[in-house]
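Next comes protein-v5.pdb, a file with PDB, C-alpha atoms and all ligand atoms.
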ATOM      1  CA  MET V  83     160.391  34.229 131.551
ATOM      2  CA  LEU V  84     156.913  35.141 130.372
ATOM      3  CA  ARG V  85     153.961  33.003 131.295
ATOM      4  CA  PRO V  86     151.680  31.906 128.437
ATOM      5  CA  ASP V  87     148.963  34.419 129.367
ATOM      6  CA  GLU V  88     151.514  37.245 129.286
ATOM      7  CA  VAL V  89     152.707  36.188 125.847
ATOM      8  CA  ASP V  90     149.122  36.181 124.624
ATOM      9  CA  GLN V  91     148.581  39.628 126.066
ATOM     10  CA  THR V  92     151.729  41.004 124.460
ATOM     11  CA  ASP V  93     150.777  39.494 121.119
ATOM     12  CA  SER V  94     147.271  40.834 121.193
ATOM     13  CA  ASP V  95     148.490  44.277 122.317
ATOM     14  CA  ALA V  96     150.949  44.376 119.420
ATOM     15  CA  HIS V  97     148.191  43.293 117.101
ATOM     16  CA  LEU V  98     145.854  45.972 118.391
ATOM     17  CA  LYS V  99     148.577  48.607 118.100
ATOM     18  CA  VAL V 100     149.011  47.807 114.427
ATOM     19  CA  ALA V 101     145.272  48.218 114.031
ATOM     20  CA  GLY V 102     145.472  51.496 115.980
ATOM     21  CA  LEU V 103     143.125  50.066 118.585
ATOM     22  CA  ALA V 104     145.448  49.358 121.507
ATOM     23  CA  ASP V 105     144.094  50.255 124.880
ATOM     24  CA  ASP V 106     146.373  52.751 126.504
ATOM     25  CA  ALA V 107     146.775  51.166 129.922
ATOM     26  CA  ILE V 108     149.971  51.958 131.822
ATOM     27  CA  ILE V 109     148.716  50.140 134.956
ATOM     28  CA  LYS V 110     146.451  47.106 134.945
ATOM     29  CA  VAL V 111     144.888  45.858 138.163
ATOM     30  CA  SER V 112     142.951  42.621 137.786
ATOM     31  CA  ASP V 113     140.931  40.521 140.264
ATOM     32  CA  PHE V 114     142.932  42.158 143.012
ATOM     33  CA  SER V 115     142.195  41.472 146.682
ATOM     34  CA  ALA V 116     144.142  42.832 149.647
ATOM     35  CA  ALA V 117     144.397  41.360 153.121
ATOM     36  CA  TYR V 118     146.015  42.119 156.452
ATOM     37  CA  GLY V 119     146.708  38.694 157.936
ATOM     38  CA  ASP V 120     143.588  36.604 157.322
ATOM     39  CA  THR V 121     141.283  39.590 156.978
ATOM     40  CA  ILE V 122     140.464  40.603 153.434
ATOM     41  CA  VAL V 123     139.864  44.360 153.277
ATOM     42  CA  LEU V 124     139.512  44.820 149.500
ATOM     43  CA  HIS V 125     137.751  42.298 147.259
ATOM     44  CA  ASP V 126     138.125  41.511 143.535
ATOM     45  CA  ILE V 127     139.094  44.879 142.123
ATOM     46  CA  THR V 128     139.725  45.331 138.406
ATOM     47  CA  PHE V 129     140.591  48.620 136.727
ATOM     48  CA  GLN V 130     143.247  50.235 134.603
ATOM     49  CA  VAL V 131     145.076  53.528 134.557
ATOM     50  CA  ASN V 132     145.580  55.047 131.122
ATOM     51  CA  ARG V 133     148.763  56.738 129.973
ATOM     52  CA  SER V 134     148.873  60.477 130.820
ATOM     53  CA  GLU V 135     145.723  60.219 132.879
ATOM     54  CA  ILE V 136     145.038  61.814 136.271
ATOM     55  CA  LEU V 137     143.220  59.104 138.207
ATOM     56  CA  VAL V 138     141.964  59.821 141.710
ATOM     57  CA  ILE V 139     141.248  57.058 144.228
ATOM     58  CA  ALA V 140     138.453  58.252 146.527
ATOM     59  CA  GLY V 141     136.331  56.641 149.208
ATOM     60  CA  ASP V 142     135.155  56.960 152.781
ATOM     61  CA  SER V 143     137.541  56.494 155.694
ATOM     62  CA  GLY V 144     138.783  52.906 155.990
ATOM     63  CA  SER V 145     137.637  51.963 152.482
ATOM     64  CA  GLY V 146     141.139  50.908 151.457
ATOM     65  CA  LYS V 147     142.525  53.847 149.460
ATOM     66  CA  THR V 148     145.926  53.764 151.139
ATOM     67  CA  THR V 149     145.954  49.965 151.021
ATOM     68  CA  LEU V 150     145.361  50.024 147.259
ATOM     69  CA  LEU V 151     148.087  52.636 146.665
ATOM     70  CA  HIS V 152     150.444  50.697 148.911
ATOM     71  CA  HIS V 153     149.994  47.565 146.760
ATOM     72  CA  MET V 154     150.333  49.492 143.501
ATOM     73  CA  ILE V 155     153.791  50.752 144.492
ATOM     74  CA  GLY V 156     154.974  47.301 145.524
ATOM     75  CA  LEU V 157     155.007  47.803 149.304
ATOM     76  CA  ALA V 158     152.674  44.822 149.787
ATOM     77  CA  ILE V 159     151.835  41.646 147.907
ATOM     78  CA  PRO V 160     148.258  41.086 146.687
ATOM     79  CA  ALA V 161     146.269  38.367 148.471
ATOM     80  CA  LYS V 162     144.827  37.618 145.042
ATOM     81  CA  GLY V 163     145.084  38.941 141.492
ATOM     82  CA  ARG V 164     147.701  40.997 139.724
ATOM     83  CA  ILE V 165     148.950  44.545 139.400
ATOM     84  CA  LEU V 166     150.988  45.290 136.289
ATOM     85  CA  ILE V 167     153.004  48.493 135.974
ATOM     86  CA  ASP V 168     153.804  49.029 132.300
ATOM     87  CA  GLY V 169     153.496  45.256 131.852
ATOM     88  CA  ASP V 170     155.604  44.261 134.883
ATOM     89  CA  ASP V 171     154.436  42.622 138.112
ATOM     90  CA  LEU V 172     156.317  43.979 141.122
ATOM     91  CA  SER V 173     154.898  41.323 143.439
ATOM     92  CA  THR V 174     156.683  38.547 141.565
ATOM     93  CA  THR V 175     159.892  40.462 140.879
ATOM     94  CA  PRO V 176     162.537  39.869 143.554
ATOM     95  CA  PRO V 177     164.847  42.691 144.644
ATOM     96  CA  GLY V 178     167.538  43.307 142.044
ATOM     97  CA  THR V 179     168.210  45.189 138.862
ATOM     98  CA  VAL V 180     164.945  44.212 137.143
ATOM     99  CA  ARG V 181     162.912  45.408 140.117
ATOM    100  CA  ASP V 182     164.954  48.636 140.277
ATOM    101  CA  LYS V 183     164.158  49.225 136.605
ATOM    102  CA  ILE V 184     160.419  48.898 137.295
ATOM    103  CA  MET V 185     160.674  51.109 140.390
ATOM    104  CA  ARG V 186     162.328  53.838 138.315
ATOM    105  CA  LYS V 187     159.207  54.094 136.181
ATOM    106  CA  PHE V 188     157.358  55.763 139.030
ATOM    107  CA  GLY V 189     157.832  58.315 141.759
ATOM    108  CA  VAL V 190     155.956  58.481 145.031
ATOM    109  CA  SER V 191     155.061  61.603 146.939
ATOM    110  CA  PHE V 192     154.069  60.745 150.488
ATOM    111  CA  GLN V 193     151.457  62.616 152.415
ATOM    112  CA  SER V 194     153.811  64.514 154.679
ATOM    113  CA  GLY V 195     156.618  65.046 152.194
ATOM    114  CA  ALA V 196     158.690  62.538 154.212
ATOM    115  CA  LEU V 197     161.897  64.414 153.499
ATOM    116  CA  PHE V 198     165.291  63.642 154.945
ATOM    117  CA  GLY V 199     165.571  66.165 157.744
ATOM    118  CA  SER V 200     169.355  66.186 157.850
ATOM    119  CA  MET V 201     169.747  67.040 154.155
ATOM    120  CA  ASN V 202     168.951  70.323 152.480
ATOM    121  CA  VAL V 203     166.239  70.620 149.841
ATOM    122  CA  LEU V 204     168.590  70.152 146.888
ATOM    123  CA  GLU V 205     170.197  67.071 148.448
ATOM    124  CA  ASN V 206     166.774  65.564 149.100
ATOM    125  CA  VAL V 207     165.899  65.843 145.414
ATOM    126  CA  SER V 208     169.303  64.852 143.980
ATOM    127  CA  LEU V 209     169.786  61.785 146.193
ATOM    128  CA  GLN V 210     167.996  59.333 143.887
ATOM    129  CA  LEU V 211     169.781  60.758 140.852
ATOM    130  CA  LYS V 212     173.089  59.908 142.493
ATOM    131  CA  GLN V 213     171.924  56.553 143.868
ATOM    132  CA  PHE V 214     169.833  55.132 141.027
ATOM    133  CA  ALA V 215     170.950  57.023 137.942
ATOM    134  CA  HIS V 216     174.598  57.036 139.131
ATOM    135  CA  LEU V 217     175.078  60.637 138.065
ATOM    136  CA  ASN V 218     177.986  62.628 139.452
ATOM    137  CA  GLY V 219     177.258  65.320 142.021
ATOM    138  CA  THR V 220     177.259  68.326 139.690
ATOM    139  CA  MET V 221     175.031  66.710 137.087
ATOM    140  CA  ALA V 222     172.607  65.384 139.731
ATOM    141  CA  ASP V 223     172.391  68.833 141.372
ATOM    142  CA  MET V 224     171.704  70.520 138.030
ATOM    143  CA  ILE V 225     168.844  68.153 137.255
ATOM    144  CA  ALA V 226     167.509  68.431 140.805
ATOM    145  CA  LEU V 227     167.513  72.205 140.472
ATOM    146  CA  THR V 228     165.387  72.046 137.303
ATOM    147  CA  LYS V 229     162.854  69.904 139.205
ATOM    148  CA  LEU V 230     162.822  72.425 142.050
ATOM    149  CA  GLN V 231     162.255  75.168 139.494
ATOM    150  CA  MET V 232     159.191  73.302 138.235
ATOM    151  CA  VAL V 233     157.639  73.305 141.700
ATOM    152  CA  GLY V 234     158.670  76.930 142.242
ATOM    153  CA  LEU V 235     161.288  76.236 144.900
ATOM    154  CA  ALA V 236     164.652  76.796 143.188
ATOM    155  CA  ASP V 237     165.256  79.685 145.606
ATOM    156  CA  SER V 238     164.918  77.327 148.566
ATOM    157  CA  ALA V 239     167.445  74.745 147.324
ATOM    158  CA  GLN V 240     169.899  75.370 150.164
ATOM    159  CA  ARG V 241     167.316  75.501 152.951
ATOM    160  CA  MET V 242     166.637  72.664 155.376
ATOM    161  CA  PRO V 243     163.219  70.926 155.310
ATOM    162  CA  ALA V 244     162.415  72.126 158.847
ATOM    163  CA  GLU V 245     162.619  75.739 157.598
ATOM    164  CA  LEU V 246     159.846  75.183 155.034
ATOM    165  CA  SER V 247     156.067  75.386 155.367
ATOM    166  CA  GLY V 248     153.989  72.204 155.017
ATOM    167  CA  GLY V 249     153.005  73.126 151.468
ATOM    168  CA  MET V 250     156.626  73.792 150.499
ATOM    169  CA  GLN V 251     157.679  70.432 151.964
ATOM    170  CA  LYS V 252     155.039  68.703 149.876
ATOM    171  CA  ARG V 253     156.299  70.477 146.773
ATOM    172  CA  VAL V 254     159.834  69.265 147.528
ATOM    173  CA  GLY V 255     158.317  65.773 147.857
ATOM    174  CA  ILE V 256     156.860  66.178 144.370
ATOM    175  CA  ALA V 257     160.187  67.450 142.972
ATOM    176  CA  ARG V 258     161.813  64.375 144.494
ATOM    177  CA  ALA V 259     159.134  62.100 142.994
ATOM    178  CA  MET V 260     159.873  63.704 139.594
ATOM    179  CA  ALA V 261     163.656  63.426 139.901
ATOM    180  CA  LEU V 262     164.060  60.410 137.654
ATOM    181  CA  ASP V 263     161.454  61.629 135.127
ATOM    182  CA  PRO V 264     159.043  58.840 135.983
ATOM    183  CA  MET V 265     156.132  57.909 133.751
ATOM    184  CA  ILE V 266     153.854  57.743 136.784
ATOM    185  CA  ILE V 267     153.605  59.732 140.014
ATOM    186  CA  PHE V 268     151.670  58.280 142.949
ATOM    187  CA  MET V 269     150.507  60.687 145.642
ATOM    188  CA  ASP V 270     148.805  60.026 148.965
ATOM    189  CA  GLU V 271     146.522  62.906 149.959
ATOM    190  CA  PRO V 272     148.527  65.721 148.316
ATOM    191  CA  SER V 273     146.301  68.462 149.677
ATOM    192  CA  ALA V 274     145.551  67.078 153.154
ATOM    193  CA  GLY V 275     146.528  69.542 155.840
ATOM    194  CA  LEU V 276     147.103  72.402 153.414
ATOM    195  CA  ASP V 277     145.229  75.685 153.543
ATOM    196  CA  PRO V 278     142.789  76.218 150.642
ATOM    197  CA  ILE V 279     145.124  78.492 148.675
ATOM    198  CA  THR V 280     148.131  76.153 148.927
ATOM    199  CA  SER V 281     145.851  73.240 148.159
ATOM    200  CA  ALA V 282     144.644  74.988 144.981
ATOM    201  CA  GLU V 283     148.281  75.637 144.025
ATOM    202  CA  MET V 284     149.018  71.933 144.474
ATOM    203  CA  ASP V 285     146.136  71.056 142.138
ATOM    204  CA  GLN V 286     147.461  73.544 139.586
ATOM    205  CA  LEU V 287     150.931  72.034 139.807
ATOM    206  CA  ILE V 288     149.564  68.535 139.154
ATOM    207  CA  LEU V 289     147.560  69.789 136.156
ATOM    208  CA  THR V 290     150.578  71.633 134.741
ATOM    209  CA  LEU V 291     152.930  68.661 135.089
ATOM    210  CA  ASN V 292     150.349  66.384 133.521
ATOM    211  CA  LYS V 293     149.898  68.738 130.596
ATOM    212  CA  LEU V 294     153.576  69.603 130.075
ATOM    213  CA  LEU V 295     155.214  66.248 130.697
ATOM    214  CA  LYS V 296     152.268  63.897 130.085
ATOM    215  CA  THR V 297     153.007  62.347 133.481
ATOM    216  CA  THR V 298     150.381  59.863 134.654
ATOM    217  CA  PHE V 299     149.097  60.627 138.162
ATOM    218  CA  VAL V 300     147.471  58.206 140.616
ATOM    219  CA  ILE V 301     146.275  60.274 143.539
ATOM    220  CA  VAL V 302     144.539  59.280 146.759
ATOM    221  CA  SER V 303     142.284  62.134 147.775
ATOM    222  CA  HIS V 304     139.113  62.764 149.679
ATOM    223  CA  GLU V 305     138.973  66.496 148.901
ATOM    224  CA  LEU V 306     135.968  66.938 146.618
ATOM    225  CA  THR V 307     137.083  70.371 145.369
ATOM    226  CA  SER V 308     140.369  68.905 144.280
ATOM    227  CA  ILE V 309     138.761  65.790 142.763
ATOM    228  CA  PHE V 310     136.456  67.879 140.581
ATOM    229  CA  LYS V 311     139.323  70.113 139.498
ATOM    230  CA  ILE V 312     141.988  67.582 138.597
ATOM    231  CA  ALA V 313     140.539  64.095 138.091
ATOM    232  CA  HIS V 314     140.098  62.819 134.562
ATOM    233  CA  ARG V 315     138.580  59.756 136.185
ATOM    234  CA  VAL V 316     137.895  58.691 139.737
ATOM    235  CA  LEU V 317     137.589  55.299 141.442
ATOM    236  CA  LEU V 318     135.281  55.113 144.439
ATOM    237  CA  LEU V 319     135.958  52.548 147.166
ATOM    238  CA  SER V 320     133.389  51.750 149.856
ATOM    239  CA  THR V 321     134.028  50.589 153.410
ATOM    240  CA  GLU V 322     130.667  48.856 153.533
ATOM    241  CA  LYS V 323     131.179  46.898 150.296
ATOM    242  CA  GLN V 324     134.966  46.548 150.740
ATOM    243  CA  THR V 325     135.472  46.963 147.023
ATOM    244  CA  LEU V 326     135.420  49.341 144.066
ATOM    245  CA  ILE V 327     131.847  50.519 143.635
ATOM    246  CA  ALA V 328     132.105  53.186 140.939
ATOM    247  CA  GLU V 329     134.485  54.361 138.258
ATOM    248  CA  GLY V 330     134.147  57.305 135.895
ATOM    249  CA  GLU V 331     134.228  61.076 135.508
ATOM    250  CA  PRO V 332     133.352  62.764 138.808
ATOM    251  CA  ASN V 333     130.632  64.991 137.298
ATOM    252  CA  GLU V 334     129.090  62.023 135.572
ATOM    253  CA  LEU V 335     129.040  59.970 138.784
ATOM    254  CA  ARG V 336     127.593  62.846 140.821
ATOM    255  CA  SER V 337     124.753  63.439 138.386
ATOM    256  CA  HIS V 338     124.056  60.097 136.785
ATOM    257  CA  SER V 339     125.249  57.186 138.930
ATOM    258  CA  ASN V 340     122.530  54.577 139.490
ATOM    259  CA  ASP V 341     123.762  54.233 143.061
ATOM    260  CA  ALA V 342     122.364  56.844 145.461
ATOM    261  CA  TRP V 343     125.390  56.471 147.793
ATOM    262  CA  VAL V 344     127.752  57.293 144.913
ATOM    263  CA  ARG V 345     125.731  60.399 144.005
ATOM    264  CA  ALA V 346     125.688  61.418 147.660
ATOM    265  CA  PHE V 347     129.449  60.900 148.024
ATOM    266  CA  PHE V 348     130.244  63.202 145.117
ATOM    267  CA  SER V 349     127.667  65.722 146.296
ATOM    268  CA  GLY V 350     129.513  66.000 149.610
ATOM    269  CA  ASP V 351     126.713  64.410 151.632
ATOM    270  CA  ILE V 352     128.865  61.604 153.015
ATOM    271  CA  PRO V 353     131.835  62.282 155.262
ATOM    272  CA  SER V 354     134.745  61.017 153.188
ATOM    273  CA  SER V 355     137.200  60.921 156.053
ATOM    274  CA  LYS V 356     136.588  60.723 159.752
ATOM    275  CA  ALA V 357     138.885  62.403 162.229
ATOM    276  CA  VAL V 358     140.034  59.017 163.480
ATOM    277  CA  SER V 359     139.895  55.890 161.351
ATOM    278  CA  PRO V 360     139.895  52.371 162.798
ATOM    279  CA  LYS V 361     143.380  51.489 161.586
ATOM    280  CA  GLY V 362     145.712  54.067 160.191
ATOM    281  CA  THR V 363     144.721  57.608 159.341
ATOM    282  CA  SER V 364     145.458  59.304 156.058
ATOM    283  CA  SER V 365     148.883  60.077 157.456
ATOM    284  CA  THR V 366     149.906  56.436 157.437
ATOM    285  CA  ILE V 367     150.810  54.101 154.658
ATOM    286  CA  GLY V 368     150.204  50.491 155.493
ATOM    287  CA  GLY V 369     150.447  51.226 159.162
ATOM    288  CA  HIS V 370     153.771  53.089 158.866
ATOM    289  CA  ASP V 371     153.637  56.636 160.125
ATOM    290  CA  LEU V 372     154.986  59.167 157.694
ATOM    291  CA  MET V 373     156.749  61.711 159.820
ATOM    292  CA  PRO V 374     157.330  65.153 158.380
ATOM    293  CA  ALA V 375     160.918  65.651 157.347
ATOM    294  CA  ASN V 376     162.207  62.753 159.413
ATOM    295  CA  GLY V 377     163.950  61.125 156.522
ATOM    296  CA  ASN V 378     162.278  57.771 156.919
ATOM    297  CA  THR V 379     158.889  56.428 155.920
ATOM    298  CA  HIS V 380     159.279  53.305 158.013
ATOM    299  CA  HIS V 381     160.142  52.686 161.587
TER     300      HIS V 381
HETATM  301  N1  LIG V 401     148.441  47.718 158.996
HETATM  302  C1  LIG V 401     147.175  47.307 159.048
HETATM  303  N2  LIG V 401     146.834  46.176 159.711
HETATM  304  C2  LIG V 401     145.555  45.724 159.758
HETATM  305  N3  LIG V 401     144.532  46.347 159.151
HETATM  306  C3  LIG V 401     144.791  47.473 158.470
HETATM  307  C4  LIG V 401     146.115  48.019 158.380
HETATM  308  N4  LIG V 401     146.074  49.152 157.636
HETATM  309  C5  LIG V 401     144.784  49.303 157.290
HETATM  310  N5  LIG V 401     144.009  48.302 157.794
HETATM  311  C6  LIG V 401     142.553  48.120 157.585
HETATM  312  O1  LIG V 401     142.319  48.080 156.190
HETATM  313  C7  LIG V 401     141.142  48.804 155.842
HETATM  314  C8  LIG V 401     141.501  49.883 154.833
HETATM  315  O2  LIG V 401     142.369  50.824 155.462
HETATM  316  P1  LIG V 401     143.071  52.003 154.664
HETATM  317  O3  LIG V 401     144.035  52.659 155.579
HETATM  318  O4  LIG V 401     143.599  51.468 153.377
HETATM  319  O5  LIG V 401     141.802  52.933 154.376
HETATM  320  P2  LIG V 401     141.743  54.416 153.767
HETATM  321  O6  LIG V 401     140.668  54.417 152.742
HETATM  322  O7  LIG V 401     143.106  54.823 153.332
HETATM  323  O8  LIG V 401     141.240  55.265 155.033
HETATM  324  P3  LIG V 401     141.544  56.822 155.462
HETATM  325  O9  LIG V 401     140.689  57.702 154.582
HETATM  326  O10 LIG V 401     141.086  56.856 156.882
HETATM  327  O11 LIG V 401     143.008  57.064 155.295
HETATM  328  C9  LIG V 401     140.573  49.328 157.157
HETATM  329  O12 LIG V 401     139.594  48.420 157.596
HETATM  330  C10 LIG V 401     141.758  49.310 158.093
HETATM  331  O13 LIG V 401     141.317  49.104 159.403
HETATM  332 MG    MG V 402     144.409  56.394 153.889
END

Please rewrite the model in this file as structure tokens.
Ligand SMILES: Nc1ncnc2c1ncn2[C@@H]1O[C@H](COP(=O)(O)OP(=O)(O)OP(=O)(O)O)[C@@H](O)[C@H]1O
Ligand SMILES: [Mg+2]
Amino acid sequence: MLRPDEVDQTDSDAHLKVAGLADDAIIKVSDFSAAYGDTIVLHDITFQVNRSEILVIAGDSGSGKTTLLHHMIGLAIPAKGRILIDGDDLSTTPPGTVRDKIMRKFGVSFQSGALFGSMNVLENVSLQLKQFAHLNGTMADMIALTKLQMVGLADSAQRMPAELSGGMQKRVGIARAMALDPMIIFMDEPSAGLDPITSAEMDQLILTLNKLLKTTFVIVSHELTSIFKIAHRVLLLSTEKQTLIAEGEPNELRSHSNDAWVRAFFSGDIPSSKAVSPKGTSSTIGGHDLMPANGNTHH
């Protein structure tokens, strides 16, 4: 059942569409605050992600990048405000078929790949097709193979995750995130821990998928090279302010932001990630370690 404000929104969107003026938001985050227990770590954040956009979430260590991503994919409930994915609010949708339908609109590629270590590459990618799309084995494997082809790993379909390099594991993670042809792919630090060449290949893959399939990407990254190469827009979070402090094209923010800290961040003058962060490094999501190829993102 829609609440009155949602009905208004739908009406006005439809109205705007007729006029050719609709905003093209696929994700809307409004007045969002995040807390762990009683401690608020992100305050009053409002932004949107446009369809077919590559949006990067950047910020110094501990600024809340992982926390924000975590809430966007429905792993935590906002302390305040709303997050709408294609018009739906995961935080108010109980487990069931409606929630599954929303979840199928996006894929998530975790930092480490987080593959199932006991399954081969093809099985890792086809699993969701069998589970969620209820395809038979042959059909699911065929589709999974096309996804592996897109990330350049069709030849490795029968190999086990442990036999792959870190970069290859991440690419399998992306193939798995793409399995159900989602509208949106969320990625936590796709190039962290990769050598510069593999990291550049990862950027190229994201750009190609975005261009070919019009997939929307929401990517947590602190790698400036990557941000400047792939981001259509970037959000900058700040540990000191505990909120979103800048939003725009990275070049624009580096050259023309009114805030000296923002200019310094995009000029590489501020360490964007410390070796050890107070709670959770970039290899955790909401405090859960993401083990490489262990088959489980929670423990
Ligand atoms: N499970 C948790 N319990 C309590 N506090 C947490 C938890 N996870 C994160 N925090 C706190 O929330 C804030 C934001 O952390 P978060 O991990 O989202 O930052 P980040 O920007 O992803 O940092 P990094 O670049 O180091 O990965 C920090 O102050 C952190 O200490
Ligand atoms: Mg993080």

Residues picked by the PyMOL selection byres (((chain V and resi 149-160) around 8) and not hetatm) here, as a PyMOL selection string? chain V and resi 114-117+146-148+161-165+172-173+268+270+302+367-368

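The two atoms in question, atom N3 of ligand LIG 401 (chain V) and CA of Lys187 in chain V, are spaced 28.3 Å apart.
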
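With CA of Ala239 in chain V on one side and CA of Ser191 in chain V on the other, the separation reads 18.1 Å.
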
With only C-alpha atoms as the basis for distance, which of V:Met221, V:Ile136, V:Asp341, V:Ala328 is at the shortest distance from Ile288 in chain V?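 Closest to Ile288 in chain V, using only C-alpha atoms: V:Ile136.
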
Name the residues in contact with Leu227 in chain V at a cut-off of 8 Å, using only C-alpha atoms, excluding same-chain residues fewer than 4 positions from it; report them as a PyMOL selection string. chain V and resi 204+223+231+236+239

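Taking only C-alpha atoms and all ligand atoms into account, ligand MG 402 (chain V) lies nearest to V:Gln193 out of the set V:Gln240, V:Thr128, V:Gln193, V:Thr179.
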
Selection near range 215-218 of chain V, 12 Å with all atoms listed in the file, sequence-local residues under 3 positions removed, as a list in words: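 Within the cut-off, the hits are Asp182, Lys183, Arg186, Ser208, Leu209, Gln210, Leu211, Lys212, Met221, Ala222, Asp223, Met224, Ile225, Ala226, Ala261, Leu262 and Asp263 of chain V.
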
Those selected residues, please, written with C-alpha atoms and delivered as a tab-separated table (two decimals), keeping the file's coordinate frame.
chain	number	residue	atom	x	y	z
V	182	ASP	CA	164.95	48.64	140.28
V	183	LYS	CA	164.16	49.22	136.60
V	186	ARG	CA	162.33	53.84	138.32
V	208	SER	CA	169.30	64.85	143.98
V	209	LEU	CA	169.79	61.78	146.19
V	210	GLN	CA	168.00	59.33	143.89
V	211	LEU	CA	169.78	60.76	140.85
V	212	LYS	CA	173.09	59.91	142.49
V	221	MET	CA	175.03	66.71	137.09
V	222	ALA	CA	172.61	65.38	139.73
V	223	ASP	CA	172.39	68.83	141.37
V	224	MET	CA	171.70	70.52	138.03
V	225	ILE	CA	168.84	68.15	137.26
V	226	ALA	CA	167.51	68.43	140.80
V	261	ALA	CA	163.66	63.43	139.90
V	262	LEU	CA	164.06	60.41	137.65
V	263	ASP	CA	161.45	61.63	135.13

Separation of CA of Met265 in chain V from CA of Glu205 in chain V in Å: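 Interatomic distance, CA of Glu205 in chain V to CA of Met265 in chain V: 22.3 Å.
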
Name the residues that the PyMOL selection byres (((chain V and resi 275) around 10) and not hetatm) picks from the file above, as a tab-separated table (two decimals) with C-alpha atoms, in the frame of the given file, using the file's chain letters and numbers.
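Generated output (out26.tsv):
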chain	number	residue	atom	x	y	z
V	193	GLN	CA	151.46	62.62	152.42
V	194	SER	CA	153.81	64.51	154.68
V	248	GLY	CA	153.99	72.20	155.02
V	249	GLY	CA	153.00	73.13	151.47
V	271	GLU	CA	146.52	62.91	149.96
V	272	PRO	CA	148.53	65.72	148.32
V	273	SER	CA	146.30	68.46	149.68
V	274	ALA	CA	145.55	67.08	153.15
V	276	LEU	CA	147.10	72.40	153.41
V	277	ASP	CA	145.23	75.68	153.54
V	278	PRO	CA	142.79	76.22	150.64
V	280	THR	CA	148.13	76.15	148.93
V	281	SER	CA	145.85	73.24	148.16
V	365	SER	CA	148.88	60.08	157.46

Quick one: which residues end up in the PyMOL selection byres (((chain V and resi 292) around 12) and not hetatm) for this structure, as a ChimeraX atom specification? /V:133-137,260,264-267,285-291,293-300,312-314

All residues 10 Å or closer to Val254 in chain V, all atoms listed in the file, same chain fewer than 6 positions away omitted, as a PyMOL selection string: chain V and resi 191+195-197+203-204+206-207+229-230+233-236+238-239+243+246+248+260

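Using all atoms listed in the file, the smallest distance between any of V:Thr307, V:Ser112, V:Gln251, V:Thr321 and ligand LIG 401 (chain V) comes from V:Thr321.
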
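Distance annotation: of V:Asp168, V:Asn340, V:Ala107, V:Glu305, the residue with the minimal separation from ligand LIG 401 (chain V) is V:Glu305; atom set is all atoms listed in the file.
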
Within 6 Å of (155.5, 61.5, 147.0) in the file's own coordinates, which protein, DNA or RNA residues have an atom, counting only C-alpha atoms? List them as a ChimeraX atom specification. /V:190-192,255-256,259,269

Can those selected residues be exported to a file as a PDB file, in the coordinates of the input so that it contains C-alpha atoms?
ATOM      1  CA  VAL V 190     155.956  58.481 145.031  1.00  0.00           C
ATOM      2  CA  SER V 191     155.061  61.603 146.939  1.00  0.00           C
ATOM      3  CA  PHE V 192     154.069  60.745 150.488  1.00  0.00           C
ATOM      4  CA  GLY V 255     158.317  65.773 147.857  1.00  0.00           C
ATOM      5  CA  ILE V 256     156.860  66.178 144.370  1.00  0.00           C
ATOM      6  CA  ALA V 259     159.134  62.100 142.994  1.00  0.00           C
ATOM      7  CA  MET V 269     150.507  60.687 145.642  1.00  0.00           C
TER       8      MET V 269
END

With distances taken over all atoms listed in the file, which of V:Gln324, V:Gln130, V:Thr175, V:Gln213 is nearest to ligand LIG 401 (chain V)?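 Of the candidates, the smallest distance to ligand LIG 401 (chain V) is held by V:Gln324.
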